There are 2 protein chains.
Amino acid sequence: MRARRAVTITDVAAATGVAPSTVSRALHNPGRVSAATRERVEEAARRLNYVPNSQARALSSGRTGTIAVLVSDVTNPFYFGLIRGTQRQLKAAGRAQLLIDTEDSGDHEAEMLLSMRRSLDGAILAASRLPERRLAALAEEIPLVTVNRNVRGVPSVVIDTPAGIDLAVEHLLSLGHRRIAYAYGPENSWSNRARWQALRAAGVRYGHPFVRVGPFPRGRAFGSAAADALLNTGATAFIAFNDLLAIGILTRLRERGVRVPGDVSVVGCDDIFGADFCNPPLTTLTAPIEQAGRTAVSMLLARLVPAGPGPGRRTVLLPTHLTIRDSTGLAP
Amino acid sequence: MRARRAVTITDVAAATGVAPSTVSRALHNPGRVSAATRERVEEAARRLNYVPNSQARALSSGRTGTIAVLVSDVTNPFYFGLIRGTQRQLKAAGRAQLLIDTEDSGDHEAEMLLSMRRSLDGAILAASRLPERRLAALAEEIPLVTVNRNVRGVPSVVIDTPAGIDLAVEHLLSLGHRRIAYAYGPENSWSNRARWQALRAAGVRYGHPFVRVGPFPRGRAFGSAAADALLNTGATAFIAFNDLLAIGILTRLRERGVRVPGDVSVVGCDDIFGADFCNPPLTTLTAPIEQAGRTAVSMLLARLVPAGPGPGRRTVLLPTHLTIRDSTGLAP
DNA sequence: ATTTGAATGGCAATCGTTTGCCAGAATTTG
DNA sequence: CAAATTCTGGCAAACGATTGCCATTCAAAT
């Protein structure tokens, strides 16, 4: 009933008067056949509207042409840019993107990856929740590139927010702030730990011991709790684990009648969609998210060609910059 | 070098002492073998950590287990919820989701679909840009469900924003607004046309001829042009094609010193991420986007089982409701 | 006891490619 | 001009499942 039998390589072969193997080579290994036959094959393929069956090809060649992109939560705006970046680059390389939502669970992540490893050429792990050991083990099974997660032996692209944190601190210090508090995010987030790490180091360096509150779960909703806790520290400037939390904090501060930046300043991380139009617009560490996606894809694809140029760069560090908007101002 | 040879159905068969065909049946067609053998097979499969090769399975059975979801722009927040909805439902059904960004081009859309039709069990078209004829033709090739696009013969789930428009109009009329202007979106958007359609009809019904400005391309950036044009109409209330545009309009109005809702009221459509924390929070038509995604998947899967329950509902209409926030108020 | 039919399991073809190997033709080399 | 290479193209064996068909076995019905 559905779609009459598809055009196969055999049909093209018959139409051209050559063997199927020749068609295969003409199409995917041009150097292997004479120019004349190649042209005849191509013509016939075009005429018959032949499109290779990727299943069959995957079966015999072992390459599937699809790359999985695993995110912990598709609705987290942070991933939008990332997904767009991977999508672009993959499309340009003629590959398909399998999007997987791991629902923030490492087990889920591993299970998905393992069960699909036969159907994948590789995977990009944006924000893996897996412990180092399991991640490394998984990388043995299937080519992997991580984003914002640095594990020995697994290539990764990481956005250098820690360096950005220094920029934020300088910015706040220059505005006269001396007490800075950090809203600590989920313990299972590598970025979160790295950010706090950097902030604490900066605090020591400048001789102002910065404090932290939390941890708080992911999501704007917990901005309320975070805001209350932050106010309680007596700090005049807050840095939030990410923009989502920062926006939640902003909302709560408004509710409580605390003026931003009159009374306190707030800095976010990532510069997600919405950071520029929330109220007030958020000063934040702008991360090159889309570029991270593109880079991750490039690294992964580079590893897939057998004659890869050596091991390639193992870790690519992408710089961030501080985007100053209206949520930071002079210390009161 | 990579991953020692995988465990195949033959290995399981050997370990159990039965034929491969029996293993296949035990695993996917339980009624066909005795309970005893099935258990032995299952045990062996578990022990050997067998995971079927989906390529091979697709090749012989014709079913691939993956569904494509086509969106016109992955970074449009409207799709976030949709993608989450489809993701959820597909995962529950044990299927994979291939995400495709058509970059707002019908040609691209058709080309992708055609070239992947062998690797797909079906596709969900969120916001197709294809003309009716081509869409209908494509539906012959591959099982399709559209979202927010109604084409004869193609099952669809549409979010009933037109009905919502009436709610918005009543809301605005009750606040004393008499002149309402619509910011018209891209001509190639079915939803946009439907919304204007509904608004115009309401205008006629209530005896207040509503006007429109535009069309404006997708994206927040064009909110500036839209805002200026809207102000120029002399209307006191604006309804925007979607929230993205509405937020852009809000930004521009603030720039120009126009107070919202003091001077003018603004209503958006969709209730995307950000509509609740922009400045001021946006009154909007809340669409059950995630549910739309889930429903689309259910409809598609229902069509795939051979003994489907008849043709099923062809079009599912999902209701919207008006979420009143701070961008609407009494007419000046 | 014979017939019937259901339940169970195996054989082998098939799905559409890719690719190692081989043979003949064409070309280069000494 | 003979020998050695390089080019081309075909054959056939995978790749790992599914499934139509057949052969047994075993129980139920006559």
# chains A, B, ... in the order shown; residues from 1 in each chain; ligands from 1

$ interface_residues --of "chain A" --to "chain B" --cutoff "7 Å" --atoms "only C-alpha atoms" --output "PyMOL selection string"
chain A and resi 2-3+51+53-56+58-59+74-75+80-81+84+97-99+115+118-119+141+274+277-279

$ write_last_selection --atoms "C-alpha atoms" --output "compact mmCIF listing (two decimals), in the first residue's frame"
# COMPACT_ATOMS: atom_id res chain seq x y z
CA ARG A 2 2.62 2.45 1.00
CA ALA A 3 5.27 3.69 -1.40
CA VAL A 51 18.52 7.45 -2.66
CA ASN A 53 19.19 3.06 2.04
CA SER A 54 21.12 4.20 5.05
CA GLN A 55 20.13 1.17 7.08
CA ALA A 56 21.65 -1.20 4.60
CA ALA A 58 25.12 1.11 8.01
CA LEU A 59 24.76 -2.62 8.27
CA VAL A 74 15.69 19.96 26.20
CA THR A 75 13.73 22.85 27.62
CA PHE A 80 19.01 25.98 22.47
CA GLY A 81 22.12 27.59 21.16
CA ARG A 84 21.53 24.94 16.90
CA GLN A 97 21.34 14.55 14.62
CA LEU A 98 19.62 12.37 17.15
CA LEU A 99 18.49 14.48 20.03
CA SER A 115 21.47 0.80 23.74
CA ARG A 118 25.18 0.39 17.27
CA SER A 119 23.15 3.05 15.56
CA GLU A 141 32.65 1.96 23.50
CA GLY A 274 15.78 36.11 27.94
CA PHE A 277 14.82 41.33 28.23
CA CYS A 278 14.20 40.33 31.80
CA ASN A 279 13.68 43.01 34.38

$ residues_around --residues "DA3 of chain D" --least-positions-apart "2" --cutoff "12 Å" --atoms "only C-alpha atoms (C1' of nucleotides)" --output "count of residues only"
5

$ interface_residues --of "chain D" --to "chain B" --cutoff "12 Å" --atoms "only C-alpha atoms (C1' of nucleotides)" --output "mmCIF file with all heavy atoms, in the first residue's frame"
data_model
loop_
_atom_site.group_PDB
_atom_site.id
_atom_site.type_symbol
_atom_site.label_atom_id
_atom_site.label_comp_id
_atom_site.auth_asym_id
_atom_site.auth_seq_id
_atom_site.Cartn_x
_atom_site.Cartn_y
_atom_site.Cartn_z
ATOM 1 P P DC D 15 30.165 -11.007 9.331
ATOM 2 O OP1 DC D 15 31.441 -10.939 10.071
ATOM 3 O OP2 DC D 15 29.247 -12.152 9.506
ATOM 4 O "O5'" DC D 15 29.342 -9.703 9.636
ATOM 5 C "C5'" DC D 15 29.703 -8.419 9.122
ATOM 6 C "C4'" DC D 15 28.486 -7.541 9.121
ATOM 7 O "O4'" DC D 15 27.891 -7.548 7.820
ATOM 8 C "C3'" DC D 15 27.388 -8.030 10.057
ATOM 9 O "O3'" DC D 15 27.504 -7.354 11.291
ATOM 10 C "C2'" DC D 15 26.088 -7.698 9.340
ATOM 11 C "C1'" DC D 15 26.521 -7.251 7.953
ATOM 12 N N1 DC D 15 25.807 -7.927 6.832
ATOM 13 C C2 DC D 15 25.368 -7.163 5.753
ATOM 14 O O2 DC D 15 25.581 -5.946 5.749
ATOM 15 N N3 DC D 15 24.708 -7.769 4.736
ATOM 16 C C4 DC D 15 24.504 -9.092 4.782
ATOM 17 N N4 DC D 15 23.862 -9.637 3.752
ATOM 18 C C5 DC D 15 24.953 -9.879 5.866
ATOM 19 C C6 DC D 15 25.596 -9.262 6.856
ATOM 20 P P DG D 16 27.417 -8.236 12.629
ATOM 21 O OP1 DG D 16 28.027 -7.427 13.677
ATOM 22 O OP2 DG D 16 27.878 -9.606 12.356
ATOM 23 O "O5'" DG D 16 25.850 -8.314 12.892
ATOM 24 C "C5'" DG D 16 25.144 -7.110 13.083
ATOM 25 C "C4'" DG D 16 23.676 -7.411 12.993
ATOM 26 O "O4'" DG D 16 23.340 -7.834 11.657
ATOM 27 C "C3'" DG D 16 23.219 -8.548 13.908
ATOM 28 O "O3'" DG D 16 22.101 -8.069 14.623
ATOM 29 C "C2'" DG D 16 22.852 -9.668 12.954
ATOM 30 C "C1'" DG D 16 22.419 -8.885 11.733
ATOM 31 N N9 DG D 16 22.488 -9.606 10.477
ATOM 32 C C8 DG D 16 23.365 -10.583 10.142
ATOM 33 N N7 DG D 16 23.177 -11.045 8.924
ATOM 34 C C5 DG D 16 22.103 -10.304 8.437
ATOM 35 C C6 DG D 16 21.446 -10.364 7.183
ATOM 36 O O6 DG D 16 21.694 -11.085 6.223
ATOM 37 N N1 DG D 16 20.411 -9.440 7.099
ATOM 38 C C2 DG D 16 20.049 -8.578 8.102
ATOM 39 N N2 DG D 16 19.044 -7.759 7.851
ATOM 40 N N3 DG D 16 20.658 -8.522 9.288
ATOM 41 C C4 DG D 16 21.666 -9.413 9.384
ATOM 42 P P DA D 17 21.529 -8.821 15.831
ATOM 43 O OP1 DA D 17 20.934 -7.817 16.723
ATOM 44 O OP2 DA D 17 22.466 -9.813 16.333
ATOM 45 O "O5'" DA D 17 20.344 -9.598 15.107
ATOM 46 C "C5'" DA D 17 19.019 -9.265 15.414
ATOM 47 C "C4'" DA D 17 18.318 -8.665 14.215
ATOM 48 O "O4'" DA D 17 19.096 -8.977 13.053
ATOM 49 C "C3'" DA D 17 16.936 -9.276 13.991
ATOM 50 O "O3'" DA D 17 15.971 -8.363 14.466
ATOM 51 C "C2'" DA D 17 16.834 -9.430 12.487
ATOM 52 C "C1'" DA D 17 18.247 -9.237 11.962
ATOM 53 N N9 DA D 17 18.767 -10.403 11.270
ATOM 54 C C8 DA D 17 19.729 -11.267 11.700
ATOM 55 N N7 DA D 17 20.025 -12.208 10.835
ATOM 56 C C5 DA D 17 19.190 -11.944 9.761
ATOM 57 C C6 DA D 17 19.027 -12.564 8.520
ATOM 58 N N6 DA D 17 19.717 -13.637 8.137
ATOM 59 N N1 DA D 17 18.104 -12.059 7.686
ATOM 60 C C2 DA D 17 17.414 -10.971 8.076
ATOM 61 N N3 DA D 17 17.488 -10.296 9.214
ATOM 62 C C4 DA D 17 18.411 -10.837 10.019
ATOM 63 P P DT D 18 14.541 -8.934 14.817
ATOM 64 O OP1 DT D 18 13.796 -7.808 15.394
ATOM 65 O OP2 DT D 18 14.691 -10.195 15.535
ATOM 66 O "O5'" DT D 18 13.928 -9.247 13.378
ATOM 67 C "C5'" DT D 18 13.507 -8.176 12.568
ATOM 68 C "C4'" DT D 18 12.821 -8.731 11.350
ATOM 69 O "O4'" DT D 18 13.685 -9.664 10.671
ATOM 70 C "C3'" DT D 18 11.523 -9.489 11.638
ATOM 71 O "O3'" DT D 18 10.625 -9.083 10.618
ATOM 72 C "C2'" DT D 18 11.922 -10.945 11.516
ATOM 73 C "C1'" DT D 18 12.976 -10.870 10.425
ATOM 74 N N1 DT D 18 14.008 -11.934 10.367
ATOM 75 C C2 DT D 18 14.200 -12.591 9.179
ATOM 76 O O2 DT D 18 13.544 -12.363 8.189
ATOM 77 N N3 DT D 18 15.200 -13.541 9.197
ATOM 78 C C4 DT D 18 16.019 -13.880 10.256
ATOM 79 O O4 DT D 18 16.878 -14.726 10.142
ATOM 80 C C5 DT D 18 15.756 -13.148 11.481
ATOM 81 C C7 DT D 18 16.566 -13.429 12.687
ATOM 82 C C6 DT D 18 14.782 -12.226 11.480
ATOM 83 P P DT D 19 9.049 -9.251 10.862
ATOM 84 O OP1 DT D 19 8.403 -8.041 10.328
ATOM 85 O OP2 DT D 19 8.802 -9.697 12.241
ATOM 86 O "O5'" DT D 19 8.716 -10.472 9.893
ATOM 87 C "C5'" DT D 19 9.291 -10.475 8.598
ATOM 88 C "C4'" DT D 19 8.997 -11.798 7.912
ATOM 89 O "O4'" DT D 19 10.111 -12.701 8.100
ATOM 90 C "C3'" DT D 19 7.768 -12.543 8.444
ATOM 91 O "O3'" DT D 19 7.162 -13.191 7.350
ATOM 92 C "C2'" DT D 19 8.371 -13.563 9.391
ATOM 93 C "C1'" DT D 19 9.622 -13.931 8.597
ATOM 94 N N1 DT D 19 10.730 -14.545 9.379
ATOM 95 C C2 DT D 19 11.643 -15.316 8.701
ATOM 96 O O2 DT D 19 11.587 -15.521 7.506
ATOM 97 N N3 DT D 19 12.637 -15.839 9.479
ATOM 98 C C4 DT D 19 12.794 -15.677 10.857
ATOM 99 O O4 DT D 19 13.728 -16.206 11.440
ATOM 100 C C5 DT D 19 11.797 -14.866 11.491
ATOM 101 C C7 DT D 19 11.870 -14.623 12.970
ATOM 102 C C6 DT D 19 10.817 -14.338 10.735
ATOM 103 P P DG D 20 5.588 -13.314 7.308
ATOM 104 O OP1 DG D 20 5.027 -12.003 6.953
ATOM 105 O OP2 DG D 20 5.136 -13.995 8.530
ATOM 106 O "O5'" DG D 20 5.414 -14.306 6.067
ATOM 107 C "C5'" DG D 20 6.162 -14.066 4.871
ATOM 108 C "C4'" DG D 20 6.481 -15.389 4.205
ATOM 109 O "O4'" DG D 20 7.600 -16.017 4.889
ATOM 110 C "C3'" DG D 20 5.350 -16.414 4.247
ATOM 111 O "O3'" DG D 20 5.379 -17.176 3.041
ATOM 112 C "C2'" DG D 20 5.679 -17.272 5.458
ATOM 113 C "C1'" DG D 20 7.209 -17.284 5.395
ATOM 114 N N9 DG D 20 7.853 -17.429 6.695
ATOM 115 C C8 DG D 20 7.495 -16.822 7.874
ATOM 116 N N7 DG D 20 8.271 -17.131 8.874
ATOM 117 C C5 DG D 20 9.209 -17.997 8.329
ATOM 118 C C6 DG D 20 10.313 -18.659 8.926
ATOM 119 O O6 DG D 20 10.688 -18.605 10.090
ATOM 120 N N1 DG D 20 11.001 -19.451 8.006
ATOM 121 C C2 DG D 20 10.673 -19.581 6.687
ATOM 122 N N2 DG D 20 11.446 -20.380 5.970
ATOM 123 N N3 DG D 20 9.643 -18.967 6.113
ATOM 124 C C4 DG D 20 8.960 -18.192 6.993
#

$ residues_around --residues "DT25 of chain D" --least-positions-apart "5" --cutoff "12 Å" --atoms "only C-alpha atoms (C1' of nucleotides)" --output "JSON, numbers by chain"
{"C": [6, 7, 8, 9]}

$ write_last_selection --atoms "N, CA, C and O atoms (P, O5', C5', C4', C3', O3' and C1' of nucleotides)" --output "mmCIF file, in the first residue's frame"
data_model
loop_
_atom_site.group_PDB
_atom_site.id
_atom_site.type_symbol
_atom_site.label_atom_id
_atom_site.label_comp_id
_atom_site.auth_asym_id
_atom_site.auth_seq_id
_atom_site.Cartn_x
_atom_site.Cartn_y
_atom_site.Cartn_z
ATOM 1 P P DA C 6 -6.562 -24.918 14.819
ATOM 2 O "O5'" DA C 6 -5.655 -24.487 16.051
ATOM 3 C "C5'" DA C 6 -6.006 -24.953 17.361
ATOM 4 C "C4'" DA C 6 -4.753 -25.253 18.138
ATOM 5 C "C3'" DA C 6 -3.744 -24.100 18.164
ATOM 6 O "O3'" DA C 6 -3.440 -23.814 19.509
ATOM 7 C "C1'" DA C 6 -2.676 -26.130 17.590
ATOM 8 P P DA C 7 -2.633 -22.535 19.900
ATOM 9 O "O5'" DA C 7 -1.207 -23.169 20.231
ATOM 10 C "C5'" DA C 7 -1.148 -24.299 21.099
ATOM 11 C "C4'" DA C 7 0.276 -24.787 21.176
ATOM 12 C "C3'" DA C 7 1.326 -23.686 21.272
ATOM 13 O "O3'" DA C 7 2.245 -24.071 22.277
ATOM 14 C "C1'" DA C 7 1.834 -25.117 19.479
ATOM 15 P P DT C 8 3.359 -23.071 22.799
ATOM 16 O "O5'" DT C 8 4.597 -23.502 21.913
ATOM 17 C "C5'" DT C 8 5.195 -24.766 22.143
ATOM 18 C "C4'" DT C 8 6.217 -25.057 21.093
ATOM 19 C "C3'" DT C 8 7.345 -24.041 20.972
ATOM 20 O "O3'" DT C 8 8.509 -24.644 21.506
ATOM 21 C "C1'" DT C 8 6.642 -24.893 18.868
ATOM 22 P P DG C 9 9.808 -23.781 21.758
ATOM 23 O "O5'" DG C 9 10.592 -24.043 20.396
ATOM 24 C "C5'" DG C 9 11.118 -25.339 20.140
ATOM 25 C "C4'" DG C 9 11.614 -25.421 18.733
ATOM 26 C "C3'" DG C 9 12.690 -24.398 18.371
ATOM 27 O "O3'" DG C 9 13.824 -25.094 17.904
ATOM 28 C "C1'" DG C 9 11.022 -24.510 16.699
#

$ residues_around --residues "segment 6-10 of chain D" --least-positions-apart "6" --cutoff "10 Å" --atoms "only C-alpha atoms (C1' of nucleotides)" --output "PyMOL selection string"
(chain A and resi 18-22+32-34+37) or (chain C and resi 22-28)

$ write_last_selection --atoms "N, CA, C and O atoms (P, O5', C5', C4', C3', O3' and C1' of nucleotides)" --output "JSON list (two decimals), in the first residue's frame"
[["chain", "number", "residue", "atom", "x", "y", "z"],
["A", 18, "VAL", "N", 26.02, -2.15, -15.33],
["A", 18, "VAL", "CA", 27.21, -2.53, -14.56],
["A", 18, "VAL", "C", 26.77, -3.31, -13.33],
["A", 18, "VAL", "O", 25.58, -3.55, -13.13],
["A", 19, "ALA", "N", 27.73, -3.72, -12.53],
["A", 19, "ALA", "CA", 27.40, -4.47, -11.32],
["A", 19, "ALA", "C", 27.11, -3.49, -10.18],
["A", 19, "ALA", "O", 27.58, -2.36, -10.17],
["A", 20, "PRO", "N", 26.30, -3.95, -9.23],
["A", 20, "PRO", "CA", 25.96, -3.09, -8.08],
["A", 20, "PRO", "C", 27.21, -2.55, -7.40],
["A", 20, "PRO", "O", 27.23, -1.39, -6.98],
["A", 21, "SER", "N", 28.21, -3.38, -7.31],
["A", 21, "SER", "CA", 29.41, -2.92, -6.61],
["A", 21, "SER", "C", 30.00, -1.71, -7.32],
["A", 21, "SER", "O", 30.51, -0.79, -6.69],
["A", 22, "THR", "N", 29.91, -1.72, -8.62],
["A", 22, "THR", "CA", 30.45, -0.60, -9.37],
["A", 22, "THR", "C", 29.65, 0.68, -9.07],
["A", 22, "THR", "O", 30.21, 1.76, -8.93],
["A", 32, "ARG", "N", 37.74, 5.28, -7.71],
["A", 32, "ARG", "CA", 37.90, 3.84, -7.93],
["A", 32, "ARG", "C", 37.38, 3.38, -9.29],
["A", 32, "ARG", "O", 37.64, 2.25, -9.69],
["A", 33, "VAL", "N", 36.62, 4.20, -9.97],
["A", 33, "VAL", "CA", 36.09, 3.79, -11.28],
["A", 33, "VAL", "C", 36.48, 4.83, -12.33],
["A", 33, "VAL", "O", 36.91, 5.93, -12.01],
["A", 34, "SER", "N", 36.32, 4.47, -13.56],
["A", 34, "SER", "CA", 36.68, 5.40, -14.63],
["A", 34, "SER", "C", 35.68, 6.55, -14.68],
["A", 34, "SER", "O", 34.52, 6.40, -14.30],
["A", 37, "THR", "N", 32.32, 5.67, -16.68],
["A", 37, "THR", "CA", 31.29, 4.90, -15.98],
["A", 37, "THR", "C", 30.70, 5.70, -14.84],
["A", 37, "THR", "O", 29.49, 5.64, -14.61],
["C", 22, "DC", "P", 42.72, -13.46, -4.05],
["C", 22, "DC", "O5'", 42.18, -13.48, -5.54],
["C", 22, "DC", "C5'", 40.91, -14.10, -5.83],
["C", 22, "DC", "C4'", 40.47, -13.69, -7.22],
["C", 22, "DC", "C3'", 41.58, -13.76, -8.27],
["C", 22, "DC", "O3'", 41.12, -14.52, -9.37],
["C", 22, "DC", "C1'", 40.48, -11.66, -8.35],
["C", 23, "DA", "P", 42.17, -14.99, -10.49],
["C", 23, "DA", "O5'", 41.65, -14.22, -11.77],
["C", 23, "DA", "C5'", 40.26, -14.28, -12.10],
["C", 23, "DA", "C4'", 40.01, -13.32, -13.24],
["C", 23, "DA", "C3'", 41.06, -13.38, -14.34],
["C", 23, "DA", "O3'", 40.41, -13.19, -15.59],
["C", 23, "DA", "C1'", 40.97, -11.20, -13.46],
["C", 24, "DG", "P", 41.01, -13.87, -16.90],
["C", 24, "DG", "O5'", 41.01, -12.65, -17.91],
["C", 24, "DG", "C5'", 39.78, -11.99, -18.17],
["C", 24, "DG", "C4'", 40.05, -10.53, -18.37],
["C", 24, "DG", "C3'", 41.03, -10.21, -19.50],
["C", 24, "DG", "O3'", 40.32, -9.49, -20.48],
["C", 24, "DG", "C1'", 41.49, -8.93, -17.54],
["C", 25, "DA", "P", 41.01, -9.00, -21.80],
["C", 25, "DA", "O5'", 41.31, -7.48, -21.45],
["C", 25, "DA", "C5'", 40.23, -6.63, -21.07],
["C", 25, "DA", "C4'", 40.76, -5.23, -20.83],
["C", 25, "DA", "C3'", 41.66, -4.70, -21.94],
["C", 25, "DA", "O3'", 41.27, -3.37, -22.21],
["C", 25, "DA", "C1'", 42.81, -4.63, -19.87],
["C", 26, "DA", "P", 41.87, -2.59, -23.41],
["C", 26, "DA", "O5'", 42.85, -1.59, -22.64],
["C", 26, "DA", "C5'", 42.31, -0.77, -21.61],
["C", 26, "DA", "C4'", 43.45, -0.08, -20.89],
["C", 26, "DA", "C3'", 44.47, 0.59, -21.82],
["C", 26, "DA", "O3'", 44.65, 1.92, -21.36],
["C", 26, "DA", "C1'", 45.58, -0.80, -20.26],
["C", 27, "DT", "P", 45.44, 2.98, -22.28],
["C", 27, "DT", "O5'", 46.74, 3.23, -21.40],
["C", 27, "DT", "C5'", 46.60, 3.48, -19.99],
["C", 27, "DT", "C4'", 47.91, 3.16, -19.31],
["C", 27, "DT", "C3'", 49.13, 3.82, -19.96],
["C", 27, "DT", "O3'", 49.59, 4.87, -19.12],
["C", 27, "DT", "C1'", 49.55, 1.58, -19.24],
["C", 28, "DT", "P", 50.77, 5.84, -19.63],
["C", 28, "DT", "O5'", 51.99, 5.23, -18.82],
["C", 28, "DT", "C5'", 51.91, 5.12, -17.38],
["C", 28, "DT", "C4'", 53.01, 4.19, -16.90],
["C", 28, "DT", "C3'", 54.43, 4.68, -17.17],
["C", 28, "DT", "O3'", 55.11, 4.82, -15.94],
["C", 28, "DT", "C1'", 54.18, 2.39, -17.78]]

$ atom_distance --atom1 "atom CA of Arg47 of chain B" --atom2 "atom CA of Val23 of chain B"
14.0 Å

$ closest_atom_pairs --of "chain C" --to "chain A" --cutoff "8 Å" --atoms "only C-alpha atoms (C1' of nucleotides)" --output "CSV"
residue,atom,partner,partner_atom,distance
C:DC15,C1',A:Ala56,CA,7.7
C:DG16,C1',A:Ala56,CA,4.9
C:DT17,C1',A:Arg57,CA,4.6
C:DT18,C1',A:Ser60,CA,5.4

$ write_last_selection --atoms "C-alpha atoms (C1' of nucleotides)" --output "PDB file, in the first residue's frame"
ATOM      1  C1'  DC C  15      16.433  -6.722   3.125  1.00  0.00           C
ATOM      2  C1'  DG C  16      20.267  -3.149   0.273  1.00  0.00           C
ATOM      3  C1'  DT C  17      24.729  -2.108   0.790  1.00  0.00           C
ATOM      4  C1'  DT C  18      29.913  -2.402   1.154  1.00  0.00           C
TER       5       DT C  18
END

$ closest_residue --among "A:Arg152, A:Arg195, A:Arg314, A:Arg205" --to "Glu170 of chain A" --atoms "only C-alpha atoms"
A:Arg205

$ select_by_dssp --residues "segment 88-157 of chain A" --states "strand (DSSP E)" --output "ChimeraX atom specification"
/A:96-101,122-126,144-147,156-157

$ write_last_selection --atoms "N, CA, C and O atoms" --output "CSV table (one decimal), in the first residue's frame"
chain,number,residue,atom,x,y,z
A,96,ALA,N,23.1,13.2,10.4
A,96,ALA,CA,21.8,13.4,11.1
A,96,ALA,C,22.1,13.6,12.6
A,96,ALA,O,23.0,13.0,13.1
A,97,GLN,N,21.2,14.3,13.2
A,97,GLN,CA,21.3,14.6,14.6
A,97,GLN,C,20.2,13.9,15.4
A,97,GLN,O,19.0,14.2,15.2
A,98,LEU,N,20.6,13.0,16.3
A,98,LEU,CA,19.6,12.4,17.2
A,98,LEU,C,19.6,13.1,18.5
A,98,LEU,O,20.6,13.1,19.2
A,99,LEU,N,18.5,13.7,18.8
A,99,LEU,CA,18.5,14.5,20.0
A,99,LEU,C,18.0,13.6,21.2
A,99,LEU,O,16.9,13.0,21.1
A,100,ILE,N,18.7,13.6,22.3
A,100,ILE,CA,18.3,12.8,23.4
A,100,ILE,C,18.2,13.6,24.7
A,100,ILE,O,19.2,14.3,25.0
A,101,ASP,N,17.1,13.5,25.4
A,101,ASP,CA,17.0,14.2,26.6
A,101,ASP,C,17.2,13.2,27.7
A,101,ASP,O,16.5,12.2,27.8
A,122,GLY,N,28.8,8.4,16.8
A,122,GLY,CA,29.4,9.1,18.0
A,122,GLY,C,28.4,9.9,18.7
A,122,GLY,O,27.2,9.9,18.3
A,123,ALA,N,28.8,10.5,19.8
A,123,ALA,CA,27.8,11.3,20.6
A,123,ALA,C,28.5,12.5,21.2
A,123,ALA,O,29.7,12.5,21.5
A,124,ILE,N,27.7,13.5,21.4
A,124,ILE,CA,28.1,14.7,22.1
A,124,ILE,C,27.4,14.8,23.4
A,124,ILE,O,26.1,14.8,23.4
A,125,LEU,N,28.1,14.9,24.4
A,125,LEU,CA,27.5,14.9,25.8
A,125,LEU,C,27.5,16.3,26.3
A,125,LEU,O,28.6,16.8,26.7
A,126,ALA,N,26.4,17.0,26.2
A,126,ALA,CA,26.4,18.3,26.8
A,126,ALA,C,25.9,18.1,28.3
A,126,ALA,O,24.8,17.7,28.5
A,144,LEU,N,33.2,9.9,21.7
A,144,LEU,CA,32.5,10.8,22.5
A,144,LEU,C,33.2,12.2,22.5
A,144,LEU,O,34.5,12.2,22.5
A,145,VAL,N,32.5,13.2,22.6
A,145,VAL,CA,33.0,14.5,22.9
A,145,VAL,C,32.1,15.2,24.0
A,145,VAL,O,30.9,15.1,23.9
A,146,THR,N,32.7,15.7,25.0
A,146,THR,CA,31.9,16.3,26.0
A,146,THR,C,31.9,17.8,25.9
A,146,THR,O,32.8,18.4,25.4
A,147,VAL,N,30.9,18.4,26.5
A,147,VAL,CA,30.8,19.9,26.5
A,147,VAL,C,30.7,20.3,28.0
A,147,VAL,O,29.9,19.7,28.7
A,156,SER,N,37.1,17.3,24.8
A,156,SER,CA,36.0,18.1,25.3
A,156,SER,C,36.1,19.5,24.9
A,156,SER,O,37.2,20.0,24.6
A,157,VAL,N,35.0,20.2,24.8
A,157,VAL,CA,35.1,21.6,24.6
A,157,VAL,C,34.5,22.3,25.9
A,157,VAL,O,33.4,21.9,26.3

$ residues_around --residues "Thr323 of chain B" --least-positions-apart "2" --cutoff "10 Å" --atoms "only C-alpha atoms (C1' of nucleotides)" --output "PyMOL selection string"
chain B and resi 168+267-271+276+282-287+320-321+325-326
